[in-house]
$ cat model_4.tsv   # TSV, C-alpha atoms
chain	number	residue	atom	x	y	z
A	32	MET	CA	0.00	0.00	0.00
A	33	CYS	CA	1.72	3.23	1.17
A	34	THR	CA	5.18	4.32	2.32
A	35	SER	CA	6.11	7.57	4.07
A	36	LEU	CA	9.53	8.61	5.34
A	37	LEU	CA	11.27	11.60	6.89
A	38	TYR	CA	14.54	12.93	5.46
A	39	ARG	CA	16.89	15.45	7.08
A	40	ASP	CA	19.33	17.54	5.06
A	41	ALA	CA	22.82	18.68	6.08
A	42	ALA	CA	21.33	21.56	8.11
A	43	ASN	CA	18.85	19.19	9.83
A	44	ARG	CA	15.89	20.65	7.92
A	45	THR	CA	13.05	18.15	7.46
A	46	TYR	CA	11.26	16.78	4.39
A	47	LEU	CA	8.58	14.12	4.05
A	48	GLY	CA	8.17	11.76	1.11
A	49	ARG	CA	5.09	9.63	0.61
A	50	THR	CA	3.60	7.26	-1.99
A	51	MET	CA	-0.01	6.11	-2.29
A	52	GLU	CA	-0.67	2.63	-3.70
A	53	LEU	CA	-4.10	1.26	-4.61
A	54	SER	CA	-5.55	-1.00	-7.28
A	55	ILE	CA	-8.01	1.69	-8.47
A	56	GLU	CA	-7.94	5.39	-9.34
A	57	LEU	CA	-9.93	7.51	-6.88
A	58	PRO	CA	-11.28	11.07	-7.19
A	59	TYR	CA	-8.59	12.82	-5.17
A	60	GLN	CA	-8.94	16.57	-4.68
A	61	VAL	CA	-6.05	18.89	-3.88
A	62	ALA	CA	-7.43	21.34	-1.31
A	63	HIS	CA	-6.46	24.53	0.51
A	64	PHE	CA	-7.98	25.06	3.97
A	65	PRO	CA	-7.35	28.69	5.05
A	66	LYS	CA	-6.88	30.02	8.55
A	67	GLY	CA	-10.05	30.93	10.41
A	68	LEU	CA	-12.17	28.17	8.86
A	69	HIS	CA	-14.95	26.85	11.10
A	70	LEU	CA	-15.04	23.04	11.11
A	71	SER	CA	-17.06	20.43	12.96
A	72	SER	CA	-16.95	16.68	13.46
A	73	ALA	CA	-20.10	14.72	14.28
A	74	VAL	CA	-20.39	11.27	15.85
A	75	PRO	CA	-23.81	9.64	16.36
A	76	GLU	CA	-25.18	10.03	19.89
A	77	GLN	CA	-22.32	12.33	20.91
A	78	ALA	CA	-21.90	16.08	21.05
A	79	PRO	CA	-20.12	17.48	17.96
A	80	LEU	CA	-16.54	18.66	18.23
A	81	ASN	CA	-16.11	22.17	16.83
A	82	TRP	CA	-12.93	24.12	16.09
A	83	GLN	CA	-11.55	26.98	14.04
A	84	THR	CA	-8.38	26.49	12.02
A	85	ARG	CA	-5.35	28.32	13.42
A	86	HIS	CA	-3.17	27.17	10.53
A	87	ALA	CA	-3.66	27.09	6.77
A	88	ILE	CA	-3.41	23.64	5.14
A	89	VAL	CA	-2.62	22.22	1.71
A	90	ALA	CA	-3.63	18.58	1.26
A	91	VAL	CA	-4.60	15.68	-0.94
A	92	THR	CA	-8.16	14.82	0.07
A	93	MET	CA	-10.96	12.35	-0.60
A	94	PRO	CA	-14.74	12.73	-0.21
A	95	THR	CA	-16.63	10.48	2.20
A	96	VAL	CA	-19.45	10.22	-0.37
A	97	LEU	CA	-19.09	10.27	-4.14
A	98	ASP	CA	-21.01	12.69	-6.36
A	99	VAL	CA	-21.57	15.37	-3.71
A	100	PRO	CA	-20.31	18.97	-3.83
A	101	SER	CA	-16.74	19.23	-2.57
A	102	ASP	CA	-16.36	21.48	0.44
A	103	GLN	CA	-14.39	21.70	3.69
A	104	HIS	CA	-16.84	19.32	5.37
A	105	SER	CA	-17.05	16.56	2.76
A	106	LEU	CA	-13.34	16.30	1.89
A	107	LYS	CA	-11.07	14.38	4.28
A	108	ILE	CA	-7.29	14.72	4.36
A	109	VAL	CA	-5.18	11.82	3.12
A	110	GLU	CA	-1.84	13.65	3.05
A	111	GLY	CA	-1.23	17.27	4.02
A	112	MET	CA	0.94	19.97	5.55
A	113	ASN	CA	0.10	23.15	7.45
A	114	ASP	CA	1.81	26.55	7.57
A	115	ALA	CA	3.83	25.48	10.63
A	116	GLY	CA	5.40	22.64	8.64
A	117	LEU	CA	3.42	19.95	10.47
A	118	THR	CA	2.50	16.99	8.21
A	119	PHE	CA	-0.27	14.39	8.39
A	120	SER	CA	-0.39	11.05	6.58
A	121	LEU	CA	-3.28	8.57	6.37
A	122	GLN	CA	-2.12	5.04	5.47
A	123	SER	CA	-3.88	1.72	5.14
A	124	TYR	CA	-4.19	-0.45	8.26
A	125	SER	CA	-6.64	-3.31	7.79
A	126	GLN	CA	-6.84	-4.23	11.50
A	127	ALA	CA	-8.17	-0.86	12.68
A	128	ASN	CA	-11.79	-1.80	13.27
A	129	GLY	CA	-13.12	-3.48	16.40
A	130	PRO	CA	-15.02	-2.79	19.63
A	131	GLN	CA	-14.27	0.63	21.10
A	132	ASP	CA	-14.40	1.82	24.69
A	133	PRO	CA	-17.59	3.72	25.52
A	134	VAL	CA	-17.52	7.52	25.45
A	135	PRO	CA	-19.14	9.46	28.32
A	136	GLU	CA	-22.58	10.67	27.28
A	137	GLY	CA	-22.54	14.15	25.82
A	138	LYS	CA	-18.74	14.37	25.51
A	139	ALA	CA	-17.57	16.13	22.35
A	140	THR	CA	-16.10	13.44	20.10
A	141	LEU	CA	-13.99	13.47	16.93
A	142	ALA	CA	-14.84	11.14	14.04
A	143	VAL	CA	-11.54	9.63	12.93
A	144	GLN	CA	-12.07	10.70	9.30
A	145	ASP	CA	-11.73	14.31	10.53
A	146	LEU	CA	-8.43	13.67	12.29
A	147	GLY	CA	-6.38	15.28	9.50
A	148	THR	CA	-8.19	18.63	9.51
A	149	TRP	CA	-8.28	18.66	13.33
A	150	VAL	CA	-4.53	17.96	13.64
A	151	LEU	CA	-3.31	20.26	10.87
A	152	GLY	CA	-5.81	23.02	11.60
A	153	GLN	CA	-5.01	23.23	15.31
A	154	PHE	CA	-1.41	22.36	16.03
A	155	SER	CA	2.20	23.04	15.08
A	156	THR	CA	4.13	20.39	17.05
A	157	VAL	CA	3.91	16.72	17.93
A	158	HIS	CA	4.12	17.67	21.62
A	159	GLU	CA	0.91	19.71	21.34
A	160	ILE	CA	-0.88	16.87	19.56
A	161	LYS	CA	0.06	14.28	22.19
A	162	ALA	CA	-1.32	16.50	24.93
A	163	ALA	CA	-4.55	17.18	23.00
A	164	LEU	CA	-5.13	13.51	22.17
A	165	ALA	CA	-5.16	12.74	25.89
A	166	GLU	CA	-8.12	15.09	26.35
A	167	ILE	CA	-10.50	14.09	23.54
A	168	SER	CA	-12.39	11.00	22.40
A	169	ILE	CA	-12.01	9.64	18.85
A	170	ARG	CA	-14.43	7.19	17.24
A	171	ILE	CA	-14.21	5.04	14.12
A	172	THR	CA	-17.52	5.72	12.38
A	173	PRO	CA	-19.01	4.18	9.19
A	174	VAL	CA	-17.90	5.80	5.92
A	175	PRO	CA	-20.30	5.61	2.94
A	176	LEU	CA	-17.41	5.69	0.43
A	177	LEU	CA	-16.04	2.50	1.99
A	178	GLY	CA	-19.36	0.67	1.86
A	179	GLY	CA	-20.26	1.63	5.42
A	180	GLN	CA	-17.19	0.14	7.11
A	181	GLY	CA	-15.05	2.14	9.49
A	182	MET	CA	-11.81	3.78	8.42
A	183	PRO	CA	-9.21	0.99	7.88
A	184	PHE	CA	-6.22	3.28	8.36
A	185	HIS	CA	-3.60	4.50	10.79
A	186	TYR	CA	-2.15	8.00	10.91
A	187	GLY	CA	1.29	9.61	11.05
A	188	VAL	CA	2.24	13.16	12.03
A	189	ARG	CA	5.68	14.81	11.92
A	190	ASP	CA	6.85	18.31	12.83
A	191	THR	CA	9.83	20.37	11.70
A	192	THR	CA	12.00	19.12	14.59
A	193	GLY	CA	11.73	15.62	13.13
A	194	ALA	CA	9.52	14.38	15.98
A	195	GLY	CA	6.82	11.97	14.87
A	196	LEU	CA	3.74	10.15	16.12
A	197	VAL	CA	1.81	7.15	14.84
A	198	ILE	CA	-1.86	7.24	15.86
A	199	GLU	CA	-3.17	3.73	15.53
A	200	PHE	CA	-6.38	1.86	16.21
A	201	HIS	CA	-5.74	-1.86	16.51
A	202	GLU	CA	-9.02	-3.78	16.60
A	203	GLY	CA	-10.69	-0.62	17.89
A	204	LYS	CA	-8.19	0.21	20.65
A	205	LEU	CA	-6.33	3.52	20.33
A	206	SER	CA	-2.57	3.66	20.84
A	207	VAL	CA	-0.17	6.52	20.22
A	208	HIS	CA	3.45	5.68	19.40
A	209	ASP	CA	6.47	7.96	19.17
A	210	ASN	CA	8.18	7.46	15.81
A	211	PRO	CA	11.96	7.52	16.32
A	212	VAL	CA	12.79	6.46	12.73
A	213	GLY	CA	10.42	8.73	10.79
A	214	VAL	CA	9.16	5.82	8.66
A	215	MET	CA	5.63	4.45	8.36
A	216	THR	CA	4.14	1.75	6.12
A	217	ASN	CA	1.12	-0.45	6.93
A	218	GLY	CA	0.48	-3.44	9.23
A	219	PRO	CA	1.43	-5.09	11.55
A	220	GLN	CA	1.26	-2.70	14.50
A	221	PHE	CA	3.85	0.06	14.47
A	222	ASP	CA	5.72	-1.16	17.55
A	223	TRP	CA	6.11	-4.55	15.83
A	224	HIS	CA	7.98	-2.84	12.98
A	225	LEU	CA	10.38	-1.28	15.48
A	226	ILE	CA	11.00	-4.67	17.09
A	227	ASN	CA	11.63	-6.16	13.65
A	228	LEU	CA	14.42	-3.63	13.10
A	229	ASN	CA	16.41	-5.65	15.65
A	230	ASN	CA	16.83	-8.25	12.90
A	231	TYR	CA	18.63	-5.74	10.66
A	232	THR	CA	21.46	-4.42	12.82
A	233	PHE	CA	23.85	-5.63	10.10
A	234	ILE	CA	22.67	-3.28	7.36
A	235	SER	CA	25.17	-0.68	6.19
A	236	ASN	CA	25.86	1.40	3.11
A	237	ILE	CA	29.52	0.34	3.11
A	238	ASP	CA	30.28	-2.08	0.29
A	239	ARG	CA	32.32	-5.10	1.41
A	240	SER	CA	33.67	-5.87	-2.04
A	241	THR	CA	36.51	-8.27	-1.18
A	242	ALA	CA	36.82	-11.44	0.88
A	243	THR	CA	39.14	-14.43	1.17
A	244	PHE	CA	37.81	-18.01	1.15
A	245	GLY	CA	40.65	-20.42	1.82
A	246	SER	CA	43.32	-19.26	-0.59
A	247	PHE	CA	40.77	-17.80	-3.04
A	248	LYS	CA	40.45	-14.03	-3.05
A	249	ALA	CA	36.98	-12.95	-4.13
A	250	ARG	CA	36.33	-9.48	-5.51
A	251	GLN	CA	33.01	-7.89	-6.44
A	252	PRO	CA	33.66	-5.61	-9.46
A	253	ASP	CA	30.51	-3.48	-9.16
A	254	PRO	CA	29.34	-1.11	-6.41
A	255	GLY	CA	26.06	-1.77	-4.60
A	256	ILE	CA	26.63	-5.05	-2.78
A	257	SER	CA	25.87	-3.34	0.54
A	258	LYS	CA	22.15	-3.56	-0.33
A	259	THR	CA	22.21	-7.38	-0.54
A	260	GLY	CA	20.76	-7.85	2.92
A	261	LEU	CA	17.76	-5.59	2.34
A	262	PRO	CA	14.38	-7.34	1.92
A	263	SER	CA	13.13	-7.08	-1.65
A	264	SER	CA	9.35	-7.50	-1.64
A	265	ASP	CA	6.74	-4.74	-1.63
A	266	THR	CA	5.08	-5.95	1.57
A	267	ALA	CA	4.68	-3.37	4.32
A	268	VAL	CA	7.23	-5.22	6.49
A	269	ASP	CA	9.92	-5.16	3.80
A	270	ARG	CA	9.20	-1.60	2.68
A	271	PHE	CA	9.58	-0.40	6.27
A	272	ILE	CA	13.13	-1.78	6.44
A	273	ARG	CA	14.09	-0.35	3.05
A	274	ALA	CA	12.65	3.05	3.95
A	275	VAL	CA	14.69	3.13	7.17
A	276	TYR	CA	17.80	2.25	5.11
A	277	TYR	CA	17.26	5.09	2.65
A	278	THR	CA	16.52	7.70	5.32
A	279	GLN	CA	19.56	6.59	7.30
A	280	PHE	CA	22.10	6.53	4.49
A	281	ALA	CA	20.96	8.87	1.71
A	282	GLU	CA	23.45	11.71	1.30
A	283	LYS	CA	22.61	14.80	3.34
A	284	GLN	CA	22.14	17.60	0.83
A	285	PRO	CA	23.42	21.11	1.60
A	286	ASP	CA	20.44	23.16	0.41
A	287	PRO	CA	16.65	22.73	0.28
A	288	ASP	CA	16.29	22.43	-3.51
A	289	LYS	CA	18.80	19.58	-3.64
A	290	ALA	CA	17.15	18.00	-0.60
A	291	VAL	CA	13.76	17.95	-2.34
A	292	GLN	CA	15.43	16.32	-5.35
A	293	MET	CA	16.98	13.73	-3.04
A	294	VAL	CA	13.63	12.84	-1.48
A	295	ALA	CA	12.09	12.50	-4.96
A	296	HIS	CA	14.90	10.11	-5.91
A	297	ILE	CA	14.37	8.11	-2.70
A	298	MET	CA	10.65	7.81	-3.36
A	299	ASN	CA	11.36	6.40	-6.83
A	300	ASN	CA	12.49	3.27	-5.00
A	301	PHE	CA	8.94	2.81	-3.71
A	302	ASP	CA	7.16	3.63	-6.97
A	303	ARG	CA	5.19	0.59	-8.13
A	304	PRO	CA	4.26	0.21	-11.83
A	305	ARG	CA	1.09	-1.56	-12.86
A	306	GLY	CA	1.44	-5.32	-13.21
A	307	ILE	CA	4.41	-5.79	-10.90
A	308	SER	CA	2.22	-7.52	-8.31
A	309	ILE	CA	-1.14	-9.09	-9.16
A	310	LEU	CA	-3.98	-9.68	-6.69
A	311	LEU	CA	-6.00	-12.85	-7.28
A	312	PRO	CA	-9.22	-13.05	-5.20
A	313	GLU	CA	-9.22	-16.85	-5.27
A	314	ASP	CA	-5.87	-16.76	-3.45
A	315	GLY	CA	-7.39	-14.73	-0.62
A	316	ALA	CA	-5.87	-11.40	-1.69
A	317	GLU	CA	-7.79	-8.31	-0.60
A	318	SER	CA	-7.84	-4.73	-1.84
A	319	LEU	CA	-9.67	-1.63	-0.66
A	320	GLN	CA	-13.36	-1.71	-1.61
A	321	VAL	CA	-14.81	1.68	-2.55
A	322	ALA	CA	-18.51	2.34	-3.16
A	323	GLY	CA	-19.20	3.19	-6.80
A	324	GLN	CA	-15.86	1.78	-7.95
A	325	THR	CA	-15.59	-1.62	-9.64
A	326	ASN	CA	-12.56	-3.66	-8.73
A	327	PRO	CA	-11.28	-5.81	-11.63
A	328	SER	CA	-11.31	-9.59	-11.14
A	329	VAL	CA	-7.53	-9.53	-11.43
A	330	SER	CA	-6.16	-6.30	-9.99
A	331	THR	CA	-2.72	-4.77	-9.63
A	332	GLU	CA	-1.64	-2.28	-7.01
A	333	PHE	CA	0.25	0.70	-8.40
A	334	THR	CA	1.49	4.07	-7.20
A	335	THR	CA	-1.39	6.45	-7.83
A	336	TRP	CA	0.49	9.54	-6.59
A	337	THR	CA	3.63	10.62	-4.78
A	338	SER	CA	4.17	13.72	-2.63
A	339	VAL	CA	7.18	15.49	-1.14
A	340	SER	CA	6.69	18.04	1.66
A	341	ASP	CA	9.37	20.67	2.26
A	342	MET	CA	8.42	21.24	5.88
A	343	ASN	CA	10.50	24.37	6.47
A	344	ARG	CA	9.69	26.27	3.27
A	345	HIS	CA	6.08	25.01	3.31
A	346	LEU	CA	6.22	23.69	-0.25
A	347	PHE	CA	4.13	20.67	-1.24
A	348	PHE	CA	5.26	18.75	-4.33
A	349	LEU	CA	2.92	16.29	-6.04
A	350	ARG	CA	2.74	14.01	-9.06
A	351	ASN	CA	0.20	11.35	-10.00
A	352	SER	CA	0.48	8.15	-12.03
A	353	ARG	CA	0.05	10.05	-15.30
A	354	SER	CA	2.92	12.44	-14.58
A	355	MET	CA	6.67	12.33	-15.02
A	356	ASN	CA	7.19	15.64	-13.21
A	357	TYR	CA	6.07	17.17	-9.91
A	358	ILE	CA	4.00	20.28	-9.45
A	359	CYS	CA	4.73	22.58	-6.51
A	360	LEU	CA	2.11	24.17	-4.26
A	361	ASP	CA	3.44	27.08	-2.20
A	362	LEU	CA	1.46	27.30	1.03
A	363	ALA	CA	2.99	30.67	1.90
A	364	GLY	CA	1.84	31.99	-1.47
A	365	MET	CA	-1.74	31.09	-0.55
A	366	ALA	CA	-1.62	33.03	2.72
A	367	GLU	CA	-3.94	35.78	1.51
A	368	THR	CA	-6.58	33.29	0.33
A	369	ALA	CA	-9.43	33.41	2.83
A	370	GLU	CA	-11.70	30.79	1.28
A	371	PHE	CA	-11.63	27.02	0.95
A	372	ARG	CA	-10.61	25.78	-2.49
A	373	ALA	CA	-10.36	22.29	-4.01
A	374	VAL	CA	-9.32	21.08	-7.47
A	375	PRO	CA	-9.26	17.51	-8.88
A	376	ILE	CA	-5.71	16.20	-8.89
A	377	GLU	CA	-5.86	15.57	-12.66
A	378	LYS	CA	-6.36	19.29	-13.33
A	379	LEU	CA	-3.12	20.18	-11.57
A	380	THR	CA	-0.75	17.41	-12.57
A	381	SER	CA	0.51	17.23	-16.14
A	382	ALA	CA	-0.09	14.13	-18.22
A	383	TYR	CA	2.49	12.39	-20.37
A	384	PRO	CA	3.79	13.19	-22.95
A	385	VAL	CA	5.89	16.05	-21.66
A	386	PRO	CA	6.64	18.98	-23.98
A	387	ARG	CA	9.22	18.22	-26.66
A	388	VAL	CA	12.16	20.59	-27.02
A	389	GLN	CA	14.97	21.17	-29.48
A	390	ILE	CA	18.67	21.67	-28.83
A	391	ALA	CA	19.24	25.15	-30.15
A	392	ALA	CA	22.53	26.80	-31.06
A	393	GLU	CA	23.78	29.34	-28.53

$ encode --input "model_4.tsv" --output "structure tokens"
Amino acid sequence: MCTSLLYRDAANRTYLGRTMELSIELPYQVAHFPKGLHLSSAVPEQAPLNWQTRHAIVAVTMPTVLDVPSDQHSLKIVEGMNDAGLTFSLQSYSQANGPQDPVPEGKATLAVQDLGTWVLGQFSTVHEIKAALAEISIRITPVPLLGGQGMPFHYGVRDTTGAGLVIEFHEGKLSVHDNPVGVMTNGPQFDWHLINLNNYTFISNIDRSTATFGSFKARQPDPGISKTGLPSSDTAVDRFIRAVYYTQFAEKQPDPDKAVQMVAHIMNNFDRPRGISILLPEDGAESLQVAGQTNPSVSTEFTTWTSVSDMNRHLFFLRNSRSMNYICLDLAGMAETAEFRAVPIEKLTSAYPVPRVQIAAE
């Protein structure tokens, strides 16, 4: 499914890369939520939770119901960043749903599909979010777009210091994990992924290109053998290890433009073309079921879009599966915009083929 990772440049500035994998194209909207926007989250039989955005947001969003007007209430954040550089990522987690602890009657409660706008609209640091999460109730509520099931996702937030949280419901029970590695994929539970890292203490970016076996001296003529021990599949478990490797060892770039380029190069390693892995229902494979969307009998997961967040300059880079190049959304440049705006992702990203050019004489 999805991979997100935090990169630090030579000056310790932070950047977030993220891919989205599904077996179907969905009607994503790129949205701008301005400061001062009044928002509300409603949970059946509970008092609504109301707030006003303190921070402007740029985000990739999805509606909860298809074929309804897109506004700040109907669109839910999948990936976004606010004007404090805080980022939010929604990623698939199939074990999220289950019995939840009761909420005191009348207590204001947040529906989990509104977590992105609540987090990015209210806060600037992970520390603030941890404190606020201890004071509110969050419920997994049915989502019409997903056929009435609850949100099968978990959620990552990072701030410009590099601090991170994973907000996870496992079988209905909420847990909040610090994220010391900056990486997030899908299941199993996040703390399991950290434990699994104990099996990879040997990984290094140093090529060991020579060895002696008896009297035979072996020599590897090509660079790159240091990656031999990395897991190779596209499962969440293997992608987590590879993402940690790339964030740990990718060269620390000296300036922000080169750092953004570096993150884009890193994310190419998690880009999945159509047909590379096939899902066969008779083998028990499952993919996300979306109301109004027909899943093919034989489906293939592919990278539907990739984003890079420059968390210090508040630039949000995006490309979808039709694009070879990224677009850049400048959140600071939208500061004077006082109204909510949303545009289908296809209207912003450029489709292949790219413009053809000629080599001209100087």

$ residues_around --input "model_4.tsv" --residues "Gln180 in chain A" --least-positions-apart "5" --cutoff "10 Å" --atoms "only C-alpha atoms" --output "ChimeraX atom specification"
/A:128,171-175,320

$ closest_residue --input "model_4.tsv" --among "A:Thr148, A:Asn227, A:Gln83, A:Asn236" --to "Asp269 in chain A" --atoms "only C-alpha atoms"
A:Asn227

$ atom_distance --input "model_4.tsv" --atom1 "CA of His63 in chain A" --atom2 "CA of Ala369 in chain A"
9.6 Å

$ atom_distance --input "model_4.tsv" --atom1 "CA of Val134 in chain A" --atom2 "CA of Ser168 in chain A"
6.9 Å

$ residues_around --input "model_4.tsv" --residues "Thr191 in chain A" --least-positions-apart "5" --cutoff "12 Å" --atoms "all atoms listed in the file" --output "PyMOL selection string"
chain A and resi 37-40+43-47+112-118+155-158+213+340-345

$ atom_distance --input "model_4.tsv" --atom1 "CA of Leu53 in chain A" --atom2 "CA of Met32 in chain A"
6.3 Å

$ residues_around --input "model_4.tsv" --residues "Thr334 in chain A" --least-positions-apart "4" --cutoff "12 Å" --atoms "all atoms listed in the file" --output "ChimeraX atom specification"
/A:32-34,49-57,265,298-308,338,350-354

$ write_last_selection --input "model_4.tsv" --atoms "C-alpha atoms" --output "compact mmCIF listing (two decimals), keeping the file's coordinate frame"
# COMPACT_ATOMS: atom_id res chain seq x y z
CA MET A 32 0.00 0.00 0.00
CA CYS A 33 1.72 3.23 1.17
CA THR A 34 5.18 4.32 2.32
CA ARG A 49 5.09 9.63 0.61
CA THR A 50 3.60 7.26 -1.99
CA MET A 51 -0.01 6.11 -2.29
CA GLU A 52 -0.67 2.63 -3.70
CA LEU A 53 -4.10 1.26 -4.61
CA SER A 54 -5.55 -1.00 -7.28
CA ILE A 55 -8.01 1.69 -8.47
CA GLU A 56 -7.94 5.39 -9.34
CA LEU A 57 -9.93 7.51 -6.88
CA ASP A 265 6.74 -4.74 -1.63
CA MET A 298 10.65 7.81 -3.36
CA ASN A 299 11.36 6.40 -6.83
CA ASN A 300 12.49 3.27 -5.00
CA PHE A 301 8.94 2.81 -3.71
CA ASP A 302 7.16 3.63 -6.97
CA ARG A 303 5.19 0.59 -8.13
CA PRO A 304 4.26 0.21 -11.83
CA ARG A 305 1.09 -1.56 -12.86
CA GLY A 306 1.44 -5.32 -13.21
CA ILE A 307 4.41 -5.79 -10.90
CA SER A 308 2.22 -7.52 -8.31
CA SER A 338 4.17 13.72 -2.63
CA ARG A 350 2.74 14.01 -9.06
CA ASN A 351 0.20 11.35 -10.00
CA SER A 352 0.48 8.15 -12.03
CA ARG A 353 0.05 10.05 -15.30
CA SER A 354 2.92 12.44 -14.58

$ residues_around --input "model_4.tsv" --residues "range 271-273 of chain A" --least-positions-apart "6" --cutoff "12 Å" --atoms "only C-alpha atoms" --output "PyMOL selection string"
chain A and resi 32-36+212-236+258-265+279-281+297-298+300-301

$ residues_around --input "model_4.tsv" --residues "Pro254 in chain A" --least-positions-apart "4" --cutoff "10 Å" --atoms "all atoms listed in the file" --output "list in words"
Ile237, Asp238, Arg239, Ser240 and Lys258 of chain A

$ closest_residue --input "model_4.tsv" --among "A:Asp102, A:Pro135, A:Pro384, A:Lys289" --to "Met355 in chain A" --atoms "only C-alpha atoms"
A:Pro384

$ closest_residue --input "model_4.tsv" --among "A:Thr278, A:Thr92, A:Thr335, A:Gln126" --to "Pro211 in chain A" --atoms "only C-alpha atoms"
A:Thr278

$ closest_residue --input "model_4.tsv" --among "A:Ile167, A:Thr331, A:Ile160, A:Gln60" --to "Ala78 in chain A" --atoms "all atoms listed in the file"
A:Ile167

$ decode --input "model_4.tsv" --residues "range 250-261 of chain A" --atoms "N, CA, C and O atoms" --output "PDB file, in the first residue's frame"
ATOM      1  N   ARG A 250      36.459 -10.929  -5.336  1.00  0.00           N
ATOM      2  CA  ARG A 250      36.326  -9.479  -5.512  1.00  0.00           C
ATOM      3  C   ARG A 250      35.056  -9.186  -6.296  1.00  0.00           C
ATOM      4  O   ARG A 250      34.837  -9.771  -7.368  1.00  0.00           O
ATOM      5  N   GLN A 251      34.224  -8.329  -5.750  1.00  0.00           N
ATOM      6  CA  GLN A 251      33.015  -7.888  -6.437  1.00  0.00           C
ATOM      7  C   GLN A 251      33.367  -6.660  -7.291  1.00  0.00           C
ATOM      8  O   GLN A 251      33.764  -5.627  -6.738  1.00  0.00           O
ATOM      9  N   PRO A 252      33.206  -6.719  -8.610  1.00  0.00           N
ATOM     10  CA  PRO A 252      33.660  -5.610  -9.462  1.00  0.00           C
ATOM     11  C   PRO A 252      32.730  -4.408  -9.491  1.00  0.00           C
ATOM     12  O   PRO A 252      33.134  -3.325  -9.925  1.00  0.00           O
ATOM     13  N   ASP A 253      31.482  -4.573  -9.055  1.00  0.00           N
ATOM     14  CA  ASP A 253      30.510  -3.484  -9.161  1.00  0.00           C
ATOM     15  C   ASP A 253      30.130  -2.955  -7.785  1.00  0.00           C
ATOM     16  O   ASP A 253      30.042  -3.713  -6.820  1.00  0.00           O
ATOM     17  N   PRO A 254      29.839  -1.655  -7.675  1.00  0.00           N
ATOM     18  CA  PRO A 254      29.344  -1.113  -6.406  1.00  0.00           C
ATOM     19  C   PRO A 254      27.890  -1.517  -6.183  1.00  0.00           C
ATOM     20  O   PRO A 254      27.167  -1.833  -7.122  1.00  0.00           O
ATOM     21  N   GLY A 255      27.462  -1.511  -4.918  1.00  0.00           N
ATOM     22  CA  GLY A 255      26.060  -1.765  -4.598  1.00  0.00           C
ATOM     23  C   GLY A 255      25.799  -3.026  -3.813  1.00  0.00           C
ATOM     24  O   GLY A 255      24.651  -3.314  -3.459  1.00  0.00           O
ATOM     25  N   ILE A 256      26.860  -3.784  -3.484  1.00  0.00           N
ATOM     26  CA  ILE A 256      26.629  -5.048  -2.782  1.00  0.00           C
ATOM     27  C   ILE A 256      26.162  -4.828  -1.342  1.00  0.00           C
ATOM     28  O   ILE A 256      25.608  -5.738  -0.709  1.00  0.00           O
ATOM     29  N   SER A 257      26.313  -3.616  -0.832  1.00  0.00           N
ATOM     30  CA  SER A 257      25.865  -3.344   0.540  1.00  0.00           C
ATOM     31  C   SER A 257      24.363  -3.522   0.697  1.00  0.00           C
ATOM     32  O   SER A 257      23.877  -3.752   1.807  1.00  0.00           O
ATOM     33  N   LYS A 258      23.601  -3.432  -0.399  1.00  0.00           N
ATOM     34  CA  LYS A 258      22.146  -3.562  -0.330  1.00  0.00           C
ATOM     35  C   LYS A 258      21.672  -5.018  -0.341  1.00  0.00           C
ATOM     36  O   LYS A 258      20.468  -5.275  -0.261  1.00  0.00           O
ATOM     37  N   THR A 259      22.594  -5.974  -0.404  1.00  0.00           N
ATOM     38  CA  THR A 259      22.213  -7.376  -0.543  1.00  0.00           C
ATOM     39  C   THR A 259      21.308  -7.848   0.583  1.00  0.00           C
ATOM     40  O   THR A 259      20.372  -8.625   0.377  1.00  0.00           O
ATOM     41  N   GLY A 260      21.541  -7.381   1.776  1.00  0.00           N
ATOM     42  CA  GLY A 260      20.764  -7.849   2.923  1.00  0.00           C
ATOM     43  C   GLY A 260      19.406  -7.207   3.081  1.00  0.00           C
ATOM     44  O   GLY A 260      18.636  -7.598   3.968  1.00  0.00           O
ATOM     45  N   LEU A 261      19.065  -6.237   2.227  1.00  0.00           N
ATOM     46  CA  LEU A 261      17.760  -5.589   2.343  1.00  0.00           C
ATOM     47  C   LEU A 261      16.664  -6.494   1.800  1.00  0.00           C
ATOM     48  O   LEU A 261      16.840  -7.153   0.766  1.00  0.00           O
TER      49      LEU A 261
END
